[in-house]
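Asks: To be precise about what I am sending: the file is called structure.txt and holds compact mmCIF, C-alpha atoms and all ligand atoms.
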```txt
# COMPACT_ATOMS: atom_id res chain seq x y z
CA MET G 22 -148.81 -15.56 -50.65
CA SER G 23 -151.71 -16.97 -48.66
CA GLY G 24 -155.12 -17.39 -50.18
CA PRO G 25 -156.33 -19.32 -53.20
CA LEU G 26 -154.62 -19.66 -56.56
CA LEU G 27 -157.29 -18.82 -59.13
CA LEU G 28 -157.65 -18.98 -62.86
CA SER G 29 -159.90 -16.07 -63.78
CA ILE G 30 -161.89 -15.32 -66.91
CA GLU G 31 -163.52 -12.09 -68.14
CA SER G 32 -165.63 -11.81 -71.31
CA SER G 33 -168.46 -9.42 -70.41
CA CYS G 34 -167.88 -6.82 -73.08
CA ASP G 35 -165.20 -6.43 -75.74
CA GLU G 36 -162.05 -7.73 -74.07
CA THR G 37 -161.25 -11.41 -73.61
CA GLY G 38 -159.29 -11.64 -70.37
CA VAL G 39 -157.63 -14.67 -68.79
CA ALA G 40 -155.40 -14.41 -65.71
CA VAL G 41 -153.78 -16.46 -62.96
CA ILE G 42 -153.94 -14.69 -59.58
CA ASP G 43 -152.33 -15.77 -56.33
CA GLY G 44 -154.01 -14.90 -53.04
CA GLY G 45 -156.37 -12.40 -54.65
CA ARG G 46 -153.50 -9.95 -55.16
CA ARG G 47 -150.46 -11.18 -57.03
CA ILE G 48 -150.74 -11.31 -60.82
CA LEU G 49 -148.87 -14.36 -62.16
CA SER G 50 -150.19 -13.72 -65.67
CA ASN G 51 -152.86 -11.50 -67.20
CA VAL G 52 -153.67 -11.79 -70.91
CA VAL G 53 -156.13 -9.40 -72.55
CA ALA G 54 -157.25 -9.86 -76.17
CA SER G 55 -158.77 -6.54 -77.21
CA GLN G 56 -161.52 -6.19 -79.81
CA VAL G 57 -160.96 -2.46 -80.37
CA ALA G 58 -159.88 -2.94 -83.99
CA LEU G 59 -162.92 -5.17 -84.64
CA HIS G 60 -165.45 -2.57 -83.42
CA ALA G 61 -163.67 0.58 -84.64
CA PRO G 62 -165.31 0.61 -88.13
CA THR G 63 -168.82 0.73 -86.59
CA GLY G 64 -167.76 3.14 -83.82
CA GLY G 65 -169.30 0.89 -81.18
CA ILE G 66 -169.63 -2.70 -80.03
CA VAL G 67 -171.65 -5.08 -82.19
CA PRO G 68 -172.75 -7.75 -79.65
CA GLU G 69 -172.86 -10.64 -82.11
CA LEU G 70 -169.34 -9.89 -83.36
CA ALA G 71 -168.09 -9.47 -79.78
CA ALA G 72 -169.37 -12.90 -78.74
CA ARG G 73 -167.80 -14.56 -81.78
CA ALA G 74 -164.48 -12.85 -81.11
CA HIS G 75 -164.51 -14.12 -77.51
CA LEU G 76 -165.05 -17.62 -78.86
CA ARG G 77 -162.12 -17.14 -81.24
CA TRP G 78 -159.70 -15.77 -78.64
CA ILE G 79 -160.55 -17.48 -75.37
CA VAL G 80 -158.49 -20.65 -75.94
CA PRO G 81 -155.36 -18.83 -77.19
CA SER G 82 -155.71 -16.41 -74.25
CA LEU G 83 -155.85 -19.31 -71.79
CA ASP G 84 -152.85 -20.96 -73.45
CA GLU G 85 -150.81 -17.78 -73.15
CA ALA G 86 -151.86 -17.02 -69.56
CA TRP G 87 -151.26 -20.61 -68.51
CA THR G 88 -147.77 -20.78 -70.01
CA ALA G 89 -146.78 -17.38 -68.62
CA ALA G 90 -147.92 -18.29 -65.09
CA GLY G 91 -146.14 -21.66 -65.17
CA VAL G 92 -148.79 -23.37 -63.05
CA ASP G 93 -150.25 -26.86 -62.99
CA TRP G 94 -153.93 -27.83 -62.66
CA ARG G 95 -153.07 -29.51 -59.33
CA ASP G 96 -152.19 -26.06 -57.93
CA ILE G 97 -155.40 -24.31 -59.03
CA ASP G 98 -157.95 -23.87 -56.22
CA GLY G 99 -160.77 -22.47 -58.34
CA ILE G 100 -161.93 -20.79 -61.53
CA ALA G 101 -163.44 -17.32 -61.21
CA VAL G 102 -165.62 -16.08 -64.05
CA THR G 103 -167.64 -12.92 -64.73
CA TYR G 104 -171.36 -13.76 -64.87
CA GLY G 105 -172.69 -10.17 -65.13
CA PRO G 106 -173.35 -7.40 -65.82
CA GLY G 107 -172.54 -7.31 -69.52
CA LEU G 108 -173.59 -8.53 -72.95
CA ALA G 109 -175.40 -11.88 -72.67
CA GLY G 110 -173.70 -13.54 -75.65
CA SER G 111 -170.25 -12.38 -74.53
CA LEU G 112 -170.79 -13.43 -70.92
CA LEU G 113 -171.96 -16.90 -72.00
CA VAL G 114 -168.69 -17.61 -73.81
CA GLY G 115 -166.62 -17.05 -70.65
CA ILE G 116 -169.13 -18.79 -68.39
CA ASN G 117 -169.37 -21.91 -70.54
CA PHE G 118 -165.61 -22.07 -70.99
CA ALA G 119 -165.13 -21.79 -67.22
CA LYS G 120 -167.76 -24.44 -66.57
CA ALA G 121 -166.11 -26.90 -68.94
CA LEU G 122 -162.71 -26.36 -67.29
CA SER G 123 -164.24 -26.67 -63.83
CA TRP G 124 -165.94 -29.95 -64.71
CA VAL G 125 -163.01 -31.51 -66.57
CA HIS G 126 -160.40 -30.58 -63.94
CA ASP G 127 -162.73 -30.95 -60.96
CA VAL G 128 -162.02 -27.53 -59.49
CA PRO G 129 -164.67 -25.21 -58.00
CA LEU G 130 -166.32 -22.45 -60.00
CA ILE G 131 -166.83 -18.93 -58.57
CA GLY G 132 -169.20 -16.44 -60.21
CA VAL G 133 -167.93 -12.85 -60.07
CA ASN G 134 -169.72 -9.52 -60.53
CA HIS G 135 -167.77 -7.52 -63.14
CA LEU G 136 -168.22 -4.28 -61.14
CA GLU G 137 -166.82 -5.92 -58.01
CA GLY G 138 -163.87 -6.88 -60.20
CA HIS G 139 -163.24 -3.23 -61.14
CA LEU G 140 -163.28 -2.40 -57.43
CA TYR G 141 -160.96 -5.21 -56.33
CA ALA G 142 -158.46 -4.29 -59.05
CA ALA G 143 -157.27 -1.80 -56.41
CA TRP G 144 -155.72 -4.72 -54.47
CA LEU G 145 -153.75 -6.18 -57.39
CA LEU G 146 -149.96 -6.41 -57.44
CA ASP G 147 -148.01 -6.71 -60.66
CA PRO G 148 -145.38 -9.43 -60.96
CA GLY G 149 -142.37 -8.22 -58.99
CA GLU G 150 -144.21 -5.28 -57.42
CA ASP G 151 -143.27 -4.80 -53.75
CA GLU G 152 -146.30 -5.48 -51.57
CA THR G 153 -144.75 -3.80 -48.54
CA THR G 154 -144.54 -0.42 -50.25
CA LYS G 155 -147.78 -0.58 -52.24
CA GLN G 156 -150.67 1.29 -50.64
CA GLU G 157 -153.52 -1.12 -49.90
CA PRO G 158 -157.11 0.22 -49.72
CA ILE G 159 -158.20 0.96 -46.13
CA LEU G 160 -161.77 0.21 -45.02
CA PRO G 161 -164.24 1.82 -44.77
CA LEU G 162 -163.79 3.41 -48.16
CA VAL G 163 -165.60 5.13 -50.96
CA ALA G 164 -165.32 3.58 -54.42
CA THR G 165 -166.12 5.41 -57.63
CA ILE G 166 -166.42 3.06 -60.58
CA VAL G 167 -166.61 4.68 -64.01
CA SER G 168 -166.78 2.46 -67.06
CA GLY G 169 -168.39 2.28 -70.48
CA GLY G 170 -171.58 0.75 -69.12
CA HIS G 171 -171.69 1.84 -65.46
CA THR G 172 -170.97 4.85 -63.30
CA PHE G 173 -171.62 4.86 -59.56
CA ILE G 174 -170.29 5.89 -56.16
CA ALA G 175 -170.51 3.31 -53.37
CA GLU G 176 -169.46 3.03 -49.76
CA MET G 177 -167.58 -0.16 -48.88
CA THR G 178 -167.81 -0.78 -45.15
CA ASP G 179 -166.24 -4.23 -45.18
CA HIS G 180 -165.04 -6.75 -47.76
CA LEU G 181 -167.86 -7.66 -50.17
CA THR G 182 -170.21 -5.23 -48.39
CA TYR G 183 -171.45 -2.16 -50.24
CA ARG G 184 -173.98 0.64 -50.00
CA LEU G 185 -174.83 2.53 -53.15
CA LEU G 186 -174.49 6.28 -52.61
CA GLY G 187 -175.25 7.42 -56.13
CA THR G 188 -175.41 6.23 -59.70
CA THR G 189 -175.89 7.68 -63.15
CA VAL G 190 -179.54 8.26 -63.94
CA ASP G 191 -178.88 8.00 -67.68
CA ASP G 192 -175.60 7.42 -69.55
CA ALA G 193 -172.38 6.01 -68.13
CA ALA G 194 -169.40 8.41 -68.17
CA GLY G 195 -167.51 6.17 -70.62
CA GLU G 196 -170.51 6.13 -72.93
CA ALA G 197 -170.47 9.97 -72.93
CA PHE G 198 -166.73 9.92 -73.75
CA ASP G 199 -167.39 7.52 -76.62
CA LYS G 200 -170.31 9.54 -78.01
CA VAL G 201 -168.54 12.90 -77.78
CA GLY G 202 -165.41 11.32 -79.27
CA ARG G 203 -167.53 10.35 -82.28
CA LEU G 204 -169.03 13.89 -82.47
CA LEU G 205 -165.51 15.31 -82.59
CA GLY G 206 -164.51 12.79 -85.25
CA LEU G 207 -161.92 11.22 -82.95
CA GLY G 208 -162.80 7.57 -83.54
CA TYR G 209 -163.44 4.65 -81.22
CA PRO G 210 -163.07 4.31 -78.28
CA GLY G 211 -163.63 7.99 -77.52
CA GLY G 212 -162.14 8.04 -74.00
CA PRO G 213 -158.44 7.63 -74.80
CA ALA G 214 -158.88 9.73 -77.99
CA ILE G 215 -160.45 12.64 -76.07
CA GLN G 216 -157.71 12.49 -73.44
CA LYS G 217 -155.06 12.64 -76.16
CA ALA G 218 -156.77 15.48 -78.05
CA ALA G 219 -157.30 17.45 -74.81
CA GLU G 220 -153.55 17.39 -74.15
CA GLY G 221 -153.21 19.79 -77.09
CA ALA G 222 -155.57 22.40 -75.55
CA VAL G 223 -153.92 25.74 -74.83
CA GLN G 224 -156.63 28.20 -73.79
CA ARG G 225 -158.65 25.77 -71.69
CA ASP G 226 -161.58 28.11 -71.24
CA VAL G 227 -164.42 26.27 -73.02
CA ARG G 228 -167.02 25.51 -70.41
CA PHE G 229 -169.35 22.54 -70.74
CA PRO G 230 -172.30 22.29 -68.32
CA ARG G 231 -172.19 20.21 -65.13
CA ALA G 232 -175.24 18.28 -63.92
CA TRP G 233 -174.94 18.52 -60.13
CA MET G 234 -178.23 16.71 -59.38
CA GLY G 235 -178.80 18.73 -56.22
CA ASP G 236 -177.18 17.38 -53.08
CA SER G 237 -177.44 13.78 -54.20
CA TYR G 238 -174.56 11.56 -55.26
CA ASP G 239 -176.40 10.68 -58.45
CA LEU G 240 -174.84 11.60 -61.76
CA SER G 241 -176.16 12.47 -65.20
CA PHE G 242 -174.30 12.72 -68.49
CA SER G 243 -177.04 12.84 -71.12
CA GLY G 244 -177.48 16.63 -70.82
CA LEU G 245 -173.75 17.04 -71.27
CA LYS G 246 -173.92 14.95 -74.41
CA THR G 247 -176.73 17.13 -75.80
CA ALA G 248 -174.79 20.28 -74.90
CA ALA G 249 -171.74 18.82 -76.63
CA ARG G 250 -173.75 18.32 -79.81
CA ARG G 251 -174.77 22.00 -79.74
CA ILE G 252 -171.28 23.29 -78.86
CA VAL G 253 -169.67 21.21 -81.63
CA ALA G 254 -172.29 22.40 -84.17
CA ASP G 255 -171.65 26.04 -83.18
CA ALA G 256 -167.89 25.57 -83.46
CA ARG G 257 -168.28 24.03 -86.91
CA ALA G 258 -170.46 26.95 -88.03
CA ALA G 259 -167.88 29.40 -86.65
CA GLU G 260 -165.25 27.67 -88.79
CA GLY G 261 -167.48 28.09 -91.85
CA ILE G 262 -168.31 24.37 -92.23
CA ALA G 263 -171.78 23.91 -93.78
CA PRO G 264 -174.33 22.04 -91.55
CA ASP G 265 -174.74 19.27 -94.16
CA ASP G 266 -170.99 18.81 -94.60
CA THR G 267 -170.13 15.72 -92.55
CA GLU G 268 -166.75 15.18 -94.23
CA THR G 269 -164.81 18.29 -93.16
CA PRO G 270 -163.34 17.89 -89.66
CA LEU G 271 -163.11 20.70 -87.12
CA GLY G 272 -159.70 22.34 -86.89
CA GLU G 273 -157.20 20.58 -84.62
CA ALA G 274 -156.90 23.48 -82.17
CA THR G 275 -160.69 23.80 -81.74
CA THR G 276 -161.03 20.03 -81.34
CA ALA G 277 -158.42 20.11 -78.58
CA GLU G 278 -160.22 22.91 -76.69
CA LEU G 279 -163.60 21.15 -76.97
CA ALA G 280 -162.15 17.80 -75.90
CA TRP G 281 -160.59 19.54 -72.90
CA GLY G 282 -163.86 21.31 -71.98
CA PHE G 283 -165.87 18.09 -72.12
CA GLN G 284 -163.29 16.12 -70.14
CA ASP G 285 -163.06 18.90 -67.55
CA SER G 286 -166.82 18.73 -66.95
CA VAL G 287 -166.86 14.95 -66.41
CA VAL G 288 -163.77 15.04 -64.18
CA ASP G 289 -165.09 17.96 -62.12
CA VAL G 290 -168.41 16.29 -61.31
CA LEU G 291 -166.90 12.87 -60.56
CA ALA G 292 -164.12 14.22 -58.36
CA THR G 293 -166.28 16.73 -56.48
CA LYS G 294 -168.97 14.16 -55.69
CA THR G 295 -166.49 11.44 -54.72
CA ALA G 296 -164.66 13.78 -52.34
CA ARG G 297 -167.92 14.93 -50.75
CA ALA G 298 -169.05 11.32 -50.31
CA ALA G 299 -165.71 10.31 -48.77
CA LYS G 300 -165.92 13.19 -46.32
CA GLU G 301 -169.53 12.52 -45.38
CA VAL G 302 -169.11 8.80 -44.65
CA GLY G 303 -165.70 9.21 -43.00
CA ALA G 304 -163.89 7.09 -45.59
CA ARG G 305 -160.29 6.14 -44.80
CA SER G 306 -159.38 5.73 -48.47
CA ILE G 307 -160.83 6.19 -51.96
CA ILE G 308 -160.82 3.67 -54.79
CA LEU G 309 -161.19 4.80 -58.38
CA GLY G 310 -161.81 2.10 -60.99
CA GLY G 311 -163.30 1.19 -64.36
CA GLY G 312 -162.15 2.10 -67.86
CA VAL G 313 -162.59 5.87 -67.44
CA ALA G 314 -160.26 5.72 -64.41
CA ALA G 315 -157.50 5.24 -66.98
CA ASN G 316 -157.99 8.97 -67.74
CA SER G 317 -154.94 10.93 -66.57
CA CYS G 318 -156.87 14.14 -65.76
CA LEU G 319 -159.37 12.25 -63.63
CA ARG G 320 -156.54 10.45 -61.83
CA GLU G 321 -154.69 13.72 -61.11
CA ARG G 322 -157.77 15.57 -59.92
CA MET G 323 -158.89 12.69 -57.68
CA ALA G 324 -155.41 12.43 -56.20
CA ALA G 325 -155.57 16.13 -55.33
CA GLU G 326 -159.01 15.72 -53.71
CA ALA G 327 -157.84 12.74 -51.65
CA ASP G 328 -154.75 14.67 -50.64
CA THR G 329 -156.91 17.53 -49.35
CA LEU G 330 -158.93 15.01 -47.31
CA GLY G 331 -155.68 13.45 -46.03
CA ILE G 332 -156.57 9.94 -47.21
CA PRO G 333 -154.97 7.76 -49.89
CA LEU G 334 -156.41 7.33 -53.38
CA ILE G 335 -155.90 3.87 -54.83
CA VAL G 336 -156.29 3.68 -58.56
CA PRO G 337 -154.93 0.74 -60.56
CA ARG G 338 -152.53 1.39 -63.40
CA PRO G 339 -154.50 2.17 -66.62
CA GLY G 340 -154.20 -1.39 -67.99
CA LEU G 341 -155.91 -2.72 -64.86
CA CYS G 342 -158.68 -0.05 -64.98
CA THR G 343 -159.96 -1.22 -68.35
CA ASP G 344 -161.47 -4.71 -68.52
CA ASN G 345 -159.12 -7.59 -67.69
CA GLY G 346 -159.13 -11.06 -66.14
CA ALA G 347 -156.88 -10.18 -63.20
CA MET G 348 -159.53 -8.04 -61.50
CA ILE G 349 -161.96 -10.98 -61.67
CA GLY G 350 -159.36 -13.13 -59.86
CA ALA G 351 -158.96 -10.44 -57.19
CA ALA G 352 -162.70 -10.28 -56.44
CA GLY G 353 -163.12 -14.03 -56.98
CA ALA G 354 -160.54 -14.81 -54.28
CA ARG G 355 -162.56 -12.86 -51.69
CA ARG G 356 -165.74 -14.67 -52.74
CA PHE G 357 -163.87 -18.01 -52.66
CA GLU G 358 -162.60 -17.34 -49.15
CA ALA G 359 -166.12 -16.42 -48.06
CA GLY G 360 -167.10 -19.97 -49.10
CA GLU G 361 -168.98 -19.03 -52.24
CA ARG G 362 -169.14 -21.61 -55.03
CA ALA G 363 -171.16 -21.46 -58.23
CA ARG G 364 -172.97 -24.48 -59.61
CA LEU G 365 -172.65 -25.75 -63.14
CA ASP G 366 -176.02 -24.17 -63.96
CA LEU G 367 -174.54 -20.67 -63.43
CA ASP G 368 -176.26 -18.37 -65.92
CA ALA G 369 -175.37 -14.97 -67.40
CA ARG G 370 -176.92 -11.99 -65.57
CA PRO G 371 -176.70 -9.07 -68.05
CA SER G 372 -178.15 -6.54 -65.54
CA LEU G 373 -176.54 -7.83 -62.33
CA PRO G 374 -176.25 -4.90 -59.84
CA LEU G 375 -173.42 -4.49 -57.33
CA ALA G 376 -175.12 -2.72 -54.48
CA LYS G 377 -178.37 -1.33 -53.13
CA ARG G 378 -178.96 2.07 -51.56
O1 LIG G 401 -164.28 -0.76 -67.89
P1 LIG G 401 -164.22 -0.74 -69.36
O2 LIG G 401 -162.96 -1.25 -70.02
O3 LIG G 401 -165.40 -1.54 -70.00
C1 LIG G 401 -166.67 -1.56 -69.41
O4 LIG G 401 -166.87 -2.30 -68.43
O5 LIG G 401 -167.49 -0.75 -69.89
O6 LIG G 401 -164.50 0.77 -69.81
C2 LIG G 401 -164.49 1.15 -71.15
C3 LIG G 401 -164.72 2.66 -71.20
C4 LIG G 401 -164.92 3.18 -72.63
O7 LIG G 401 -166.08 4.00 -72.66
C5 LIG G 401 -163.67 4.01 -72.88
O8 LIG G 401 -163.88 5.11 -73.75
C6 LIG G 401 -163.31 4.47 -71.49
O9 LIG G 401 -163.60 3.37 -70.66
N1 LIG G 401 -161.90 4.85 -71.36
C7 LIG G 401 -161.48 6.12 -71.09
C8 LIG G 401 -160.06 6.09 -71.13
N2 LIG G 401 -159.67 4.80 -71.41
C9 LIG G 401 -160.81 4.07 -71.54
N3 LIG G 401 -162.18 7.24 -70.84
C10 LIG G 401 -161.48 8.37 -70.62
N4 LIG G 401 -160.12 8.44 -70.66
C11 LIG G 401 -159.38 7.32 -70.90
N5 LIG G 401 -158.04 7.40 -70.92
ZN ZN G 402 -165.63 -2.97 -67.17
```
Here is the file; what I need is its structure written in the form of structure tokens.

Replies:
Amino acid sequence: MSGPLLLSIESSCDETGVAVIDGGRRILSNVVASQVALHAPTGGIVPELAARAHLRWIVPSLDEAWTAAGVDWRDIDGIAVTYGPGLAGSLLVGINFAKALSWVHDVPLIGVNHLEGHLYAAWLLDPGEDETTKQEPILPLVATIVSGGHTFIAEMTDHLTYRLLGTTVDDAAGEAFDKVGRLLGLGYPGGPAIQKAAEGAVQRDVRFPRAWMGDSYDLSFSGLKTAARRIVADARAAEGIAPDDTETPLGEATTAELAWGFQDSVVDVLATKTARAAKEVGARSIILGGGVAANSCLRERMAAEADTLGIPLIVPRPGLCTDNGAMIGAAGARRFEAGERARLDLDARPSLPLAKR
């Protein structure tokens, strides 16, 4: 495949990711060390623990990715690393590791925006996957990126060129999933747990509110979270659970209906707004990315919307929607080919944005 061979490193949040990517598309190896078990007891990420875990796992992750790819340092054209947005301490582990490798092996360093990584995951090909039959994103496109820290809809007119159409004005969609998951006693992370619980819903008639934010493409999930707190409290009272009883869980059937109702609200707003944006800007395809894009209901509903518009939806397989190193290699290759190189004073940018309005 043409294009650079990159080693790519992701450590912005709670997954240590190291990958080797050929030509910005082909995954030669992609190792992800998850910290889910580490953060589960606290029901959320503890930044200090996350940074230490990256430090613990980054060398073994490189070893595994390197061996699996079967490459040599002479073949590597560059090292792509996430420099923001994310947790400062976590980002610094990946950045400093990448810098050391770049200096020792004398290969260029490329700084990558994590959100651009989620977007470029749409171009990735698994080992052995047929590139002639895989649908590639078609420009101009609309990309909806929904993760634990970010939720936005952007227009992508050309490679590396974006216009922000709308963004969450408060919580990210993934954050809402995680908080409501905790409310329902489903554990951490809430997203996959809510999806699983919702599969058991039968009646599917619980209605959670939708924040449409007028005609804008902006999104809001904090009102939904507050509504969820009220709806869950009412359901607990209806089941005869005392308000001060935090031990007794809601019945399984009720939990399933509530999980479904919450998920339906998030999916409805995201899919409706994305489809309207795609129509308005004349998009030729839609990209869905970020951890919440692993959600099967969101994937199905977005596919239906794209189908109605007569354009393809490109959404990576679930393992490439959640944080990984491969997506950083995909975005990094485009930056590399555009001539971008980072210096050894590259610093973490915890609030790095992707696009302006
Ligand atoms: O992109 P990501 O791995 O990390 C960030 O950059 O934030 O996204 C993590 C988020 C978490 O909030 C998690 O609950 C959510 O993605 N998530 C899901 C699913 N899988 C992960 N949300 C809904 N349904 C899922 N299947
Ligand atoms: Zn992410």

Asks: Would you list the contacts of Asp366 of chain G as a ChimeraX atom specification, taking every protein, DNA or RNA residue within 10 Å and counting all atoms listed in the file, but skipping same-chain residues closer than 5 positions in sequence?

Replies: /G:116-117,120

Asks: Return as an MDAnalysis selection string the residues of protein, DNA or RNA that approach ligand LIG 401 (chain G) to within 9 Å, with only C-alpha atoms and all ligand atoms taken into account.

Replies: chainID G and resid 33:36 106:107 135:136 139 166:171 193:200 202 209:217 284 310:319 339:345

Asks: Could you pull the residues within 8 Å of Arg356 of chain G, counting all atoms listed in the file, minus those fewer than 6 positions along the same chain, as a list of chain:residue names?

Replies: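 Near Arg356 of chain G, the qualifying residues are G:Ile131, G:Val133, G:Leu181.
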
Asks: Kindly save the residues from that selection, with C-alpha atoms included, as an mmCIF file, keeping the file's coordinate frame.

Replies:
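What follows is the written file out_10.cif:
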```
data_model
loop_
_atom_site.group_PDB
_atom_site.id
_atom_site.type_symbol
_atom_site.label_atom_id
_atom_site.label_comp_id
_atom_site.auth_asym_id
_atom_site.auth_seq_id
_atom_site.Cartn_x
_atom_site.Cartn_y
_atom_site.Cartn_z
ATOM 1 C CA ILE G 131 -166.830 -18.930 -58.570
ATOM 2 C CA VAL G 133 -167.930 -12.850 -60.070
ATOM 3 C CA LEU G 181 -167.860 -7.660 -50.170
#
```

Asks: Please provide the set of residues having any atom within 7 Å of Gly44 of chain G, restricted to all atoms listed in the file, with same-chain residues fewer than 2 positions apart removed, written as a PyMOL selection string.

Replies: chain G and resi 22-26+42+46-47+354

Asks: Counting only C-alpha atoms, I want the residues whose atoms come within 12 Å of (-169.0, -4.6, -82.8) in the file frame, returned as a list in words.

Replies: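 Residues found, by chain and rising number: Cys34, Asp35, Glu36, Ser55, Gln56, Val57, Ala58, Leu59, His60, Ala61, Pro62, Thr63, Gly64, Gly65, Ile66, Val67, Pro68, Glu69, Leu70, Ala71, Ala72, Arg73, Ala74, His75, Leu108, Ser111, Tyr209 and Pro210 of chain G.
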
Asks: Which residue is closest to ligand ZN 402 (chain G)? Choose from G:Gly272, G:Gly353, G:Gly208, G:Gly38 and count only C-alpha atoms and all ligand atoms.

Replies: G:Gly38

Asks: Quick check, in Å to one decimal: how far apart do atom CA of Thr172 of chain G and atom CA of Glu361 of chain G lie?

Replies: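 These two atoms are separated by 26.4 Å.
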
Asks: Could you check which of G:Asp84, G:Asp255, G:Asp239, G:Asp368 is closest to Ile174 of chain G, using all atoms listed in the file?

Replies: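 Looking at the shortest contact to Ile174 of chain G, the residue is G:Asp239.
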
Asks: Set the distance at 8 Å and use all atoms listed in the file: which residues neighbour Glu326 of chain G once local chain neighbours fewer than 2 positions away are removed? I'd like the list as a list in words.

Replies: Ala292, Thr293, Ala296, Arg322, Met323, Ala324, Asp328, Thr329 and Leu330 of chain G

Asks: Taking only C-alpha atoms and all ligand atoms into account, name the residue in G:Gly45, G:Gly206, G:Gly91, G:Gly138 that is nearest to ligand ZN 402 (chain G).

Replies: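 Looking at the shortest contact to ligand ZN 402 (chain G), the residue is G:Gly138.
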
Asks: Under the rule that only C-alpha atoms are counted, which of G:Gly244, G:Asn134, G:Leu205, G:Gly282 is the nearest residue to Thr269 of chain G?

Replies: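 Closest residue, counting only C-alpha atoms: G:Leu205.
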
Asks: Would you mind reading off the distance between atom CA of Arg297 of chain G and atom CA of Arg338 of chain G, one decimal, in Å?

Replies: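 Rounded to one decimal, the two atoms are 24.1 Å apart.
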
Asks: Would you mind reading off the distance between atom CA of Ala359 of chain G and atom CA of Glu301 of chain G, one decimal, in Å?

Replies: 29.3 Å

Asks: Within 10 Å of segment 146-161 of chain G, counting only C-alpha atoms, which residues qualify if same-chain residues fewer than 2 places away don't, as a PDB file with C-alpha atoms, in the frame of the given file?

Replies:
```
ATOM      1  CA  ILE G  42    -153.940 -14.690 -59.580  1.00  0.00           C
ATOM      2  CA  ASP G  43    -152.330 -15.770 -56.330  1.00  0.00           C
ATOM      3  CA  GLY G  45    -156.370 -12.400 -54.650  1.00  0.00           C
ATOM      4  CA  ARG G  46    -153.500  -9.950 -55.160  1.00  0.00           C
ATOM      5  CA  ARG G  47    -150.460 -11.180 -57.030  1.00  0.00           C
ATOM      6  CA  ILE G  48    -150.740 -11.310 -60.820  1.00  0.00           C
ATOM      7  CA  LEU G  49    -148.870 -14.360 -62.160  1.00  0.00           C
ATOM      8  CA  SER G  50    -150.190 -13.720 -65.670  1.00  0.00           C
ATOM      9  CA  ASN G  51    -152.860 -11.500 -67.200  1.00  0.00           C
ATOM     10  CA  TYR G 141    -160.960  -5.210 -56.330  1.00  0.00           C
ATOM     11  CA  ALA G 142    -158.460  -4.290 -59.050  1.00  0.00           C
ATOM     12  CA  ALA G 143    -157.270  -1.800 -56.410  1.00  0.00           C
ATOM     13  CA  TRP G 144    -155.720  -4.720 -54.470  1.00  0.00           C
ATOM     14  CA  VAL G 163    -165.600   5.130 -50.960  1.00  0.00           C
ATOM     15  CA  ALA G 164    -165.320   3.580 -54.420  1.00  0.00           C
ATOM     16  CA  GLU G 176    -169.460   3.030 -49.760  1.00  0.00           C
ATOM     17  CA  MET G 177    -167.580  -0.160 -48.880  1.00  0.00           C
ATOM     18  CA  THR G 178    -167.810  -0.780 -45.150  1.00  0.00           C
ATOM     19  CA  ASP G 179    -166.240  -4.230 -45.180  1.00  0.00           C
ATOM     20  CA  HIS G 180    -165.040  -6.750 -47.760  1.00  0.00           C
ATOM     21  CA  THR G 182    -170.210  -5.230 -48.390  1.00  0.00           C
ATOM     22  CA  TYR G 183    -171.450  -2.160 -50.240  1.00  0.00           C
ATOM     23  CA  ALA G 299    -165.710  10.310 -48.770  1.00  0.00           C
ATOM     24  CA  VAL G 302    -169.110   8.800 -44.650  1.00  0.00           C
ATOM     25  CA  GLY G 303    -165.700   9.210 -43.000  1.00  0.00           C
ATOM     26  CA  ALA G 304    -163.890   7.090 -45.590  1.00  0.00           C
ATOM     27  CA  ARG G 305    -160.290   6.140 -44.800  1.00  0.00           C
ATOM     28  CA  SER G 306    -159.380   5.730 -48.470  1.00  0.00           C
ATOM     29  CA  ILE G 307    -160.830   6.190 -51.960  1.00  0.00           C
ATOM     30  CA  ILE G 308    -160.820   3.670 -54.790  1.00  0.00           C
ATOM     31  CA  ILE G 332    -156.570   9.940 -47.210  1.00  0.00           C
ATOM     32  CA  PRO G 333    -154.970   7.760 -49.890  1.00  0.00           C
ATOM     33  CA  LEU G 334    -156.410   7.330 -53.380  1.00  0.00           C
ATOM     34  CA  ILE G 335    -155.900   3.870 -54.830  1.00  0.00           C
ATOM     35  CA  VAL G 336    -156.290   3.680 -58.560  1.00  0.00           C
ATOM     36  CA  PRO G 337    -154.930   0.740 -60.560  1.00  0.00           C
ATOM     37  CA  ARG G 338    -152.530   1.390 -63.400  1.00  0.00           C
ATOM     38  CA  LEU G 341    -155.910  -2.720 -64.860  1.00  0.00           C
ATOM     39  CA  ALA G 347    -156.880 -10.180 -63.200  1.00  0.00           C
ATOM     40  CA  ALA G 351    -158.960 -10.440 -57.190  1.00  0.00           C
TER      41      ALA G 351
END
```

Asks: Determine the nearest neighbour of His126 of chain G from the options G:Val227, G:Leu28, G:Val52, G:Gly110, counting all atoms listed in the file.

Replies: G:Leu28

Asks: Pick the closest to Val223 of chain G from G:Leu309, G:Glu273, G:Glu268, G:Leu375: which is it, counting all atoms listed in the file?

Replies: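 With all atoms listed in the file as the atom set, the closest residue is G:Glu273.
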
Asks: Using only C-alpha atoms, what residues lie at most 12 Å away from (-181.2, 5.0, -60.2) (file coordinates), given as a list of chain:residue names?

Replies: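 Within 12 Å of (-181.2, 5.0, -60.2), the protein and nucleic acid residues are G:His171, G:Thr172, G:Phe173, G:Ile174, G:Leu185, G:Leu186, G:Gly187, G:Thr188, G:Thr189, G:Val190, G:Asp191, G:Asp192, G:Ala193, G:Ser237, G:Tyr238, G:Asp239, G:Leu240, G:Ser241, G:Pro374, G:Ala376, G:Lys377, G:Arg378.
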